[in-house]
file entry.txt (compact mmCIF, C-alpha atoms)
# COMPACT_ATOMS: atom_id res chain seq x y z
CA MET T 1 14.73 -29.00 -17.50
CA ASN T 2 16.31 -27.01 -14.68
CA ASN T 3 17.82 -23.53 -14.86
CA VAL T 4 21.39 -24.84 -15.07
CA GLN T 5 20.55 -27.03 -18.06
CA GLU T 6 18.71 -24.17 -19.78
CA GLU T 7 21.66 -21.85 -19.23
CA SER T 8 24.04 -24.50 -20.57
CA LEU T 9 21.93 -24.91 -23.72
CA ARG T 10 21.81 -21.14 -24.20
CA ASP T 11 25.60 -20.96 -23.86
CA GLN T 12 26.06 -23.77 -26.37
CA LYS T 13 23.74 -22.04 -28.84
CA LYS T 14 25.58 -18.76 -28.30
CA ASN T 15 28.96 -20.41 -28.89
CA ARG T 16 27.71 -22.14 -32.05
CA ARG T 17 26.37 -18.85 -33.40
CA ARG T 18 29.62 -17.08 -32.58
CA LEU T 19 31.69 -19.73 -34.35
CA GLN T 20 29.32 -19.68 -37.32
CA ILE T 21 29.58 -15.90 -37.66
CA LEU T 22 33.37 -16.11 -37.52
CA GLU T 23 33.47 -18.91 -40.08
CA ILE T 24 31.28 -16.94 -42.47
CA ALA T 25 33.25 -13.72 -42.01
CA ARG T 26 36.56 -15.55 -42.44
CA GLY T 27 35.29 -17.22 -45.60
CA ILE T 28 34.20 -13.93 -47.16
CA ILE T 29 37.47 -12.21 -46.32
CA ALA T 30 39.51 -15.17 -47.59
CA SER T 31 37.65 -15.44 -50.90
CA LYS T 32 36.72 -11.84 -51.69
CA GLY T 33 38.81 -9.59 -49.45
CA LEU T 34 38.04 -7.40 -46.46
CA ARG T 35 36.27 -4.73 -48.50
CA SER T 36 33.61 -7.24 -49.53
CA LEU T 37 32.71 -8.05 -45.92
CA LYS T 38 29.32 -6.57 -44.94
CA VAL T 39 27.56 -7.15 -41.65
CA ARG T 40 24.19 -7.75 -43.32
CA ASP T 41 25.66 -10.46 -45.53
CA VAL T 42 27.22 -12.18 -42.51
CA ALA T 43 23.97 -11.98 -40.53
CA GLU T 44 21.91 -13.30 -43.44
CA ALA T 45 24.29 -16.21 -44.02
CA ALA T 46 24.26 -17.02 -40.31
CA GLY T 47 20.47 -16.88 -40.17
CA CYS T 48 20.44 -14.19 -37.50
CA SER T 49 19.86 -10.46 -37.21
CA VAL T 50 22.48 -7.74 -37.48
CA GLY T 51 21.77 -7.03 -33.83
CA SER T 52 22.75 -10.60 -32.94
CA VAL T 53 26.12 -10.12 -34.63
CA TYR T 54 26.69 -6.95 -32.61
CA ASN T 55 25.57 -8.69 -29.42
CA GLU T 56 28.17 -11.41 -29.94
CA PHE T 57 31.10 -9.15 -30.82
CA GLY T 58 30.22 -5.67 -29.55
CA ASP T 59 30.40 -4.20 -33.06
CA PHE T 60 31.47 -5.26 -36.55
CA ASP T 61 35.07 -4.33 -35.78
CA GLY T 62 34.92 -7.08 -33.17
CA VAL T 63 34.21 -9.68 -35.84
CA ILE T 64 37.08 -8.55 -38.06
CA LEU T 65 39.50 -8.26 -35.16
CA THR T 66 38.69 -11.78 -33.99
CA VAL T 67 39.38 -13.14 -37.48
CA ASN T 68 42.61 -11.11 -37.60
CA ARG T 69 43.73 -12.47 -34.23
CA GLU T 70 43.22 -16.02 -35.45
CA THR T 71 45.20 -15.24 -38.61
CA VAL T 72 48.17 -13.88 -36.63
CA GLN T 73 48.08 -16.87 -34.30
CA ALA T 74 48.12 -19.29 -37.25
CA LEU T 75 50.93 -17.36 -38.95
CA THR T 76 53.03 -17.24 -35.79
CA ALA T 77 52.55 -20.97 -35.22
CA ARG T 78 53.83 -21.67 -38.75
CA LEU T 79 56.82 -19.36 -38.28
CA ARG T 80 57.71 -20.91 -34.93
CA GLY T 81 57.93 -24.26 -36.68
CA VAL T 82 60.97 -23.16 -38.74
CA PRO T 83 64.09 -25.08 -37.58
CA ALA T 84 66.52 -22.92 -35.61
CA GLU T 85 69.67 -25.08 -35.68
CA ASP T 86 71.30 -22.99 -38.44
CA SER T 87 70.75 -19.26 -37.95
CA VAL T 88 71.27 -18.28 -41.60
CA ARG T 89 68.97 -20.99 -42.89
CA GLN T 90 66.44 -20.03 -40.23
CA LEU T 91 66.23 -16.51 -41.70
CA TYR T 92 65.59 -17.91 -45.15
CA GLY T 93 63.15 -20.42 -43.71
CA LEU T 94 61.17 -17.69 -41.96
CA ALA T 95 60.94 -15.71 -45.20
CA GLU T 96 59.91 -18.77 -47.21
CA THR T 97 57.32 -19.80 -44.61
CA TYR T 98 55.87 -16.29 -44.63
CA LEU T 99 55.66 -16.43 -48.41
CA GLU T 100 53.89 -19.80 -48.29
CA PHE T 101 51.42 -18.65 -45.65
CA PHE T 102 50.75 -15.37 -47.47
CA ALA T 103 50.20 -17.19 -50.76
CA GLU T 104 47.76 -19.59 -49.10
CA HIS T 105 45.87 -16.91 -47.14
CA ALA T 106 46.54 -13.70 -49.06
CA ASN T 107 43.31 -11.86 -48.25
CA LEU T 108 43.39 -12.87 -44.59
CA VAL T 109 46.94 -11.55 -44.23
CA ARG T 110 46.05 -8.34 -46.07
CA SER T 111 43.14 -7.87 -43.67
CA LEU T 112 45.68 -7.44 -40.86
CA PHE T 113 47.11 -4.38 -42.58
CA GLU T 114 44.02 -3.02 -44.36
CA HIS T 115 41.52 -2.90 -41.50
CA ARG T 116 40.74 0.53 -40.10
CA MET T 117 38.71 0.87 -36.94
CA GLU T 118 35.36 2.68 -37.05
CA ASP T 119 35.34 6.29 -35.83
CA ASP T 120 39.15 6.35 -36.06
CA ARG T 121 39.50 4.39 -32.85
CA PRO T 122 43.01 3.08 -32.17
CA TYR T 123 43.86 -0.40 -33.36
CA PRO T 124 43.96 -2.84 -30.42
CA ASP T 125 47.38 -3.08 -28.82
CA ASP T 126 47.19 -6.85 -28.44
CA ILE T 127 46.99 -7.45 -32.20
CA LEU T 128 49.76 -4.96 -32.91
CA GLN T 129 51.90 -6.77 -30.36
CA MET T 130 51.06 -10.14 -31.89
CA VAL T 131 52.19 -8.90 -35.32
CA MET T 132 55.37 -7.44 -33.83
CA ASP T 133 56.03 -10.73 -32.02
CA ALA T 134 55.74 -12.57 -35.33
CA PHE T 135 58.18 -10.15 -36.96
CA ALA T 136 60.50 -10.48 -33.95
CA LEU T 137 61.09 -14.15 -34.71
CA MET T 138 63.92 -12.90 -36.94
CA HIS T 139 65.54 -11.40 -33.84
CA PRO T 140 67.16 -14.53 -32.27
CA PRO T 141 69.02 -15.72 -35.41
CA LEU T 142 70.27 -12.17 -36.02
CA VAL T 143 71.54 -11.98 -32.43
CA ARG T 144 73.52 -15.16 -33.00
CA LEU T 145 74.85 -13.96 -36.35
CA LEU T 146 75.72 -10.44 -35.15
CA PRO T 147 76.88 -10.94 -31.55
CA ASP T 148 78.52 -7.50 -31.37
CA ALA T 149 75.38 -5.57 -32.40
CA ASP T 150 73.29 -3.97 -29.68
CA ASP T 151 69.63 -4.87 -29.09
CA VAL T 152 68.30 -1.69 -30.69
CA LYS T 153 70.17 -2.35 -33.93
CA ILE T 154 69.03 -5.98 -34.00
CA ALA T 155 65.40 -5.00 -33.32
CA LEU T 156 65.45 -2.44 -36.14
CA LEU T 157 67.18 -4.88 -38.48
CA SER T 158 64.70 -7.68 -37.83
CA ARG T 159 61.79 -5.30 -38.37
CA THR T 160 63.35 -3.95 -41.58
CA LEU T 161 63.99 -7.43 -42.95
CA PHE T 162 60.48 -8.67 -42.31
CA SER T 163 58.91 -5.45 -43.57
CA ALA T 164 60.90 -5.68 -46.78
CA VAL T 165 60.03 -9.35 -47.25
CA HIS T 166 56.38 -8.52 -46.60
CA GLY T 167 56.48 -5.75 -49.20
CA ILE T 168 58.06 -7.95 -51.86
CA ILE T 169 55.53 -10.71 -51.26
CA SER T 170 52.50 -8.42 -50.97
CA LEU T 171 53.23 -6.64 -54.24
CA GLY T 172 54.25 -9.86 -55.94
CA LEU T 173 50.91 -11.49 -55.12
CA GLU T 174 48.79 -8.44 -55.98
CA GLU T 175 46.51 -9.61 -58.78
CA ARG T 176 45.39 -6.10 -59.72
CA MET T 177 48.97 -5.40 -60.72
CA VAL T 178 51.25 -7.85 -62.51
CA ALA T 179 51.31 -10.89 -60.23
CA VAL T 180 54.66 -12.67 -59.99
CA PRO T 181 54.71 -16.48 -60.37
CA PRO T 182 55.36 -18.17 -56.99
CA GLN T 183 58.73 -19.64 -57.94
CA MET T 184 59.98 -16.33 -59.29
CA LEU T 185 58.68 -14.55 -56.18
CA ARG T 186 60.58 -17.01 -53.99
CA GLN T 187 63.73 -16.25 -55.97
CA GLN T 188 63.21 -12.51 -55.51
CA VAL T 189 62.88 -12.93 -51.74
CA GLU T 190 66.01 -15.09 -51.63
CA GLN T 191 67.95 -12.59 -53.75
CA PHE T 192 66.93 -9.76 -51.43
CA LEU T 193 68.10 -11.72 -48.40
CA ASP T 194 71.33 -12.68 -50.17
CA ALA T 195 72.18 -9.05 -50.89
CA HIS T 196 71.16 -7.77 -47.47
CA LEU T 197 73.05 -10.43 -45.54
CA VAL T 198 76.19 -9.96 -47.64
CA GLY T 199 76.01 -6.27 -46.73
CA LEU T 200 76.01 -7.31 -43.08
CA GLY T 201 79.02 -9.57 -43.61
CA ILE T 202 76.96 -12.75 -43.41
CA VAL T 203 77.57 -15.48 -45.97
CA PRO T 204 74.30 -16.74 -47.55
CA PRO T 205 73.72 -20.51 -47.60
CA ARG T 206 74.78 -22.41 -50.67

call {"tool": "encode", "arguments": {"input": "entry.txt", "output": "structure tokens"}}
result
Amino acid sequence: MNNVQEESLRDQKKNRRRLQILEIARGIIASKGLRSLKVRDVAEAAGCSVGSVYNEFGDFDGVILTVNRETVQALTARLRGVPAEDSVRQLYGLAETYLEFFAEHANLVRSLFEHRMEDDRPYPDDILQMVMDAFALMHPPLVRLLPDADDVKIALLSRTLFSAVHGIISLGLEERMVAVPPQMLRQQVEQFLDAHLVGLGIVPPR
């Protein structure tokens, strides 16, 4: 076996280990929540040392951040799939899609907002931007519905709407409190949008 083949095999093994570590970490977060994720548990399940985990990702934050990036990418892909032909229905569709994704992947979504970097390091700008880009998908339909509003107002409005929808859903799915049944939670989100859009002079869909 020549050096090129040996290097290729090492790279393949490295990639398999990296994917395995991510799969294990994602599974623990999804089933038990971010607080249950421990580097020793991940290393043991992956059949490697803690040092190997750090070598692959730099530190344990690197593992969590990689899982979080994948979660935002999956969420954004789902949101981008909402039809845009009718601007009002698009807003409701974005909220409903977010609710569905959150309900399916509650702990993974919470990890985006719960994770704190070690040693109080700043949260990576790229993930923050990815989250903001997902929230900003409410921007285009609002521009079409409120053509006289300036960009600053639209940006603040889209952020407020998504933040409010996120809050309603997050609290509604919180099992430690009184969880709201999915259908009732969907109605609450729709009622919030109804009231907010009426206040903006926009007629909700019938």

call {"tool": "residues_near_point", "arguments": {"input": "entry.txt", "point": "(61.0, -14.9, -52.4)", "cutoff": "10 Å", "atoms": "all atoms listed in the file", "output": "ChimeraX atom specification"}}
result
/T:92,95-100,165-166,168-169,172,182-193

call {"tool": "closest_atom_pairs", "arguments": {"input": "entry.txt", "of": "stretch 133-180 of chain T", "to": "stretch 83-88 of chain T", "cutoff": "10 Å", "atoms": "all atoms listed in the file", "output": "CSV"}}
result
residue,atom,partner,partner_atom,distance
T:Met138,CA,T:Ser87,CA,9.4
T:Pro140,CA,T:Ser87,CA,8.2
T:Pro141,CA,T:Ser87,CA,4.7
T:Leu142,CA,T:Ser87,CA,7.4
T:Val143,CA,T:Ser87,CA,9.2
T:Arg144,CA,T:Ser87,CA,7.0
T:Leu145,CA,T:Ser87,CA,6.9

call {"tool": "atom_distance", "arguments": {"input": "entry.txt", "atom1": "atom CA of T:Phe135", "atom2": "atom CA of T:Glu23"}}
result
26.4 Å

call {"tool": "residues_around", "arguments": {"input": "entry.txt", "residues": "stretch 70-74 of chain T", "least_positions_apart": "4", "cutoff": "8 Å", "atoms": "all atoms listed in the file", "output": "mmCIF file with C-alpha atoms, in the frame of the given file"}}
result
data_model
loop_
_atom_site.group_PDB
_atom_site.id
_atom_site.type_symbol
_atom_site.label_atom_id
_atom_site.label_comp_id
_atom_site.auth_asym_id
_atom_site.auth_seq_id
_atom_site.Cartn_x
_atom_site.Cartn_y
_atom_site.Cartn_z
ATOM 1 C CA THR T 66 38.690 -11.780 -33.990
ATOM 2 C CA ARG T 78 53.830 -21.670 -38.750
ATOM 3 C CA LEU T 108 43.390 -12.870 -44.590
ATOM 4 C CA VAL T 109 46.940 -11.550 -44.230
ATOM 5 C CA ILE T 127 46.990 -7.450 -32.200
ATOM 6 C CA MET T 130 51.060 -10.140 -31.890
ATOM 7 C CA VAL T 131 52.190 -8.900 -35.320
ATOM 8 C CA ALA T 134 55.740 -12.570 -35.330
#

call {"tool": "atom_distance", "arguments": {"input": "entry.txt", "atom1": "atom CA of T:Leu157", "atom2": "atom CA of T:Phe102"}}
result
21.5 Å

call {"tool": "closest_residue", "arguments": {"input": "entry.txt", "among": "T:Glu56, T:Val50, T:Val82, T:Arg89", "to": "T:Asn15", "atoms": "all atoms listed in the file"}}
result
T:Glu56

call {"tool": "closest_residue", "arguments": {"input": "entry.txt", "among": "T:Asn107, T:Ile28, T:Leu94, T:Asp119", "to": "T:Ser158", "atoms": "only C-alpha atoms"}}
result
T:Leu94

call {"tool": "atom_distance", "arguments": {"input": "entry.txt", "atom1": "atom CA of T:Ser52", "atom2": "atom CA of T:Lys13"}}
result
12.2 Å

call {"tool": "residues_near_point", "arguments": {"input": "entry.txt", "point": "(42.6, -8.8, -33.2)", "cutoff": "12 Å", "atoms": "all atoms listed in the file", "output": "ChimeraX atom specification"}}
result
/T:57,61-73,111-113,115-117,122-131

call {"tool": "closest_residue", "arguments": {"input": "entry.txt", "among": "T:Lys153, T:Leu146, T:Arg18, T:Phe101", "to": "T:Gly58", "atoms": "only C-alpha atoms"}}
result
T:Arg18

call {"tool": "closest_residue", "arguments": {"input": "entry.txt", "among": "T:Ala45, T:Ser8, T:Gly33, T:Arg121", "to": "T:Gln20", "atoms": "all atoms listed in the file"}}
result
T:Ala45

call {"tool": "closest_residue", "arguments": {"input": "entry.txt", "among": "T:Val203, T:Ala77, T:Arg17, T:Ser163", "to": "T:Cys48", "atoms": "only C-alpha atoms"}}
result
T:Arg17

call {"tool": "build_atoms", "arguments": {"input": "entry.txt", "residues": "stretch 66-81 of chain T", "atoms": "N, CA and C atoms", "output": "compact mmCIF listing (two decimals), in the frame of the given file"}}
result
# COMPACT_ATOMS: atom_id res chain seq x y z
N THR T 66 38.59 -10.38 -34.42
CA THR T 66 38.69 -11.78 -33.99
C THR T 66 39.27 -12.64 -35.11
N VAL T 67 38.82 -12.42 -36.34
CA VAL T 67 39.38 -13.14 -37.48
C VAL T 67 40.87 -12.81 -37.62
N ASN T 68 41.22 -11.53 -37.47
CA ASN T 68 42.61 -11.11 -37.60
C ASN T 68 43.49 -11.75 -36.52
N ARG T 69 42.96 -11.82 -35.31
CA ARG T 69 43.73 -12.47 -34.23
C ARG T 69 44.03 -13.92 -34.58
N GLU T 70 43.03 -14.61 -35.09
CA GLU T 70 43.22 -16.02 -35.45
C GLU T 70 44.24 -16.16 -36.57
N THR T 71 44.24 -15.21 -37.51
CA THR T 71 45.20 -15.24 -38.61
C THR T 71 46.62 -15.06 -38.09
N VAL T 72 46.83 -14.10 -37.19
CA VAL T 72 48.17 -13.88 -36.63
C VAL T 72 48.63 -15.10 -35.84
N GLN T 73 47.72 -15.69 -35.08
CA GLN T 73 48.08 -16.87 -34.30
C GLN T 73 48.51 -18.02 -35.22
N ALA T 74 47.78 -18.22 -36.31
CA ALA T 74 48.12 -19.29 -37.25
C ALA T 74 49.45 -19.01 -37.93
N LEU T 75 49.67 -17.75 -38.32
CA LEU T 75 50.93 -17.36 -38.95
C LEU T 75 52.10 -17.58 -38.00
N THR T 76 51.95 -17.12 -36.77
CA THR T 76 53.03 -17.24 -35.79
C THR T 76 53.36 -18.70 -35.52
N ALA T 77 52.32 -19.54 -35.44
CA ALA T 77 52.55 -20.97 -35.22
C ALA T 77 53.37 -21.57 -36.36
N ARG T 78 53.07 -21.16 -37.59
CA ARG T 78 53.83 -21.67 -38.75
C ARG T 78 55.29 -21.19 -38.67
N LEU T 79 55.48 -19.92 -38.34
CA LEU T 79 56.82 -19.36 -38.28
C LEU T 79 57.65 -20.01 -37.16
N ARG T 80 56.99 -20.29 -36.05
CA ARG T 80 57.71 -20.91 -34.93
C ARG T 80 58.15 -22.34 -35.26
N GLY T 81 57.57 -22.91 -36.28
CA GLY T 81 57.93 -24.26 -36.68
C GLY T 81 59.18 -24.34 -37.55
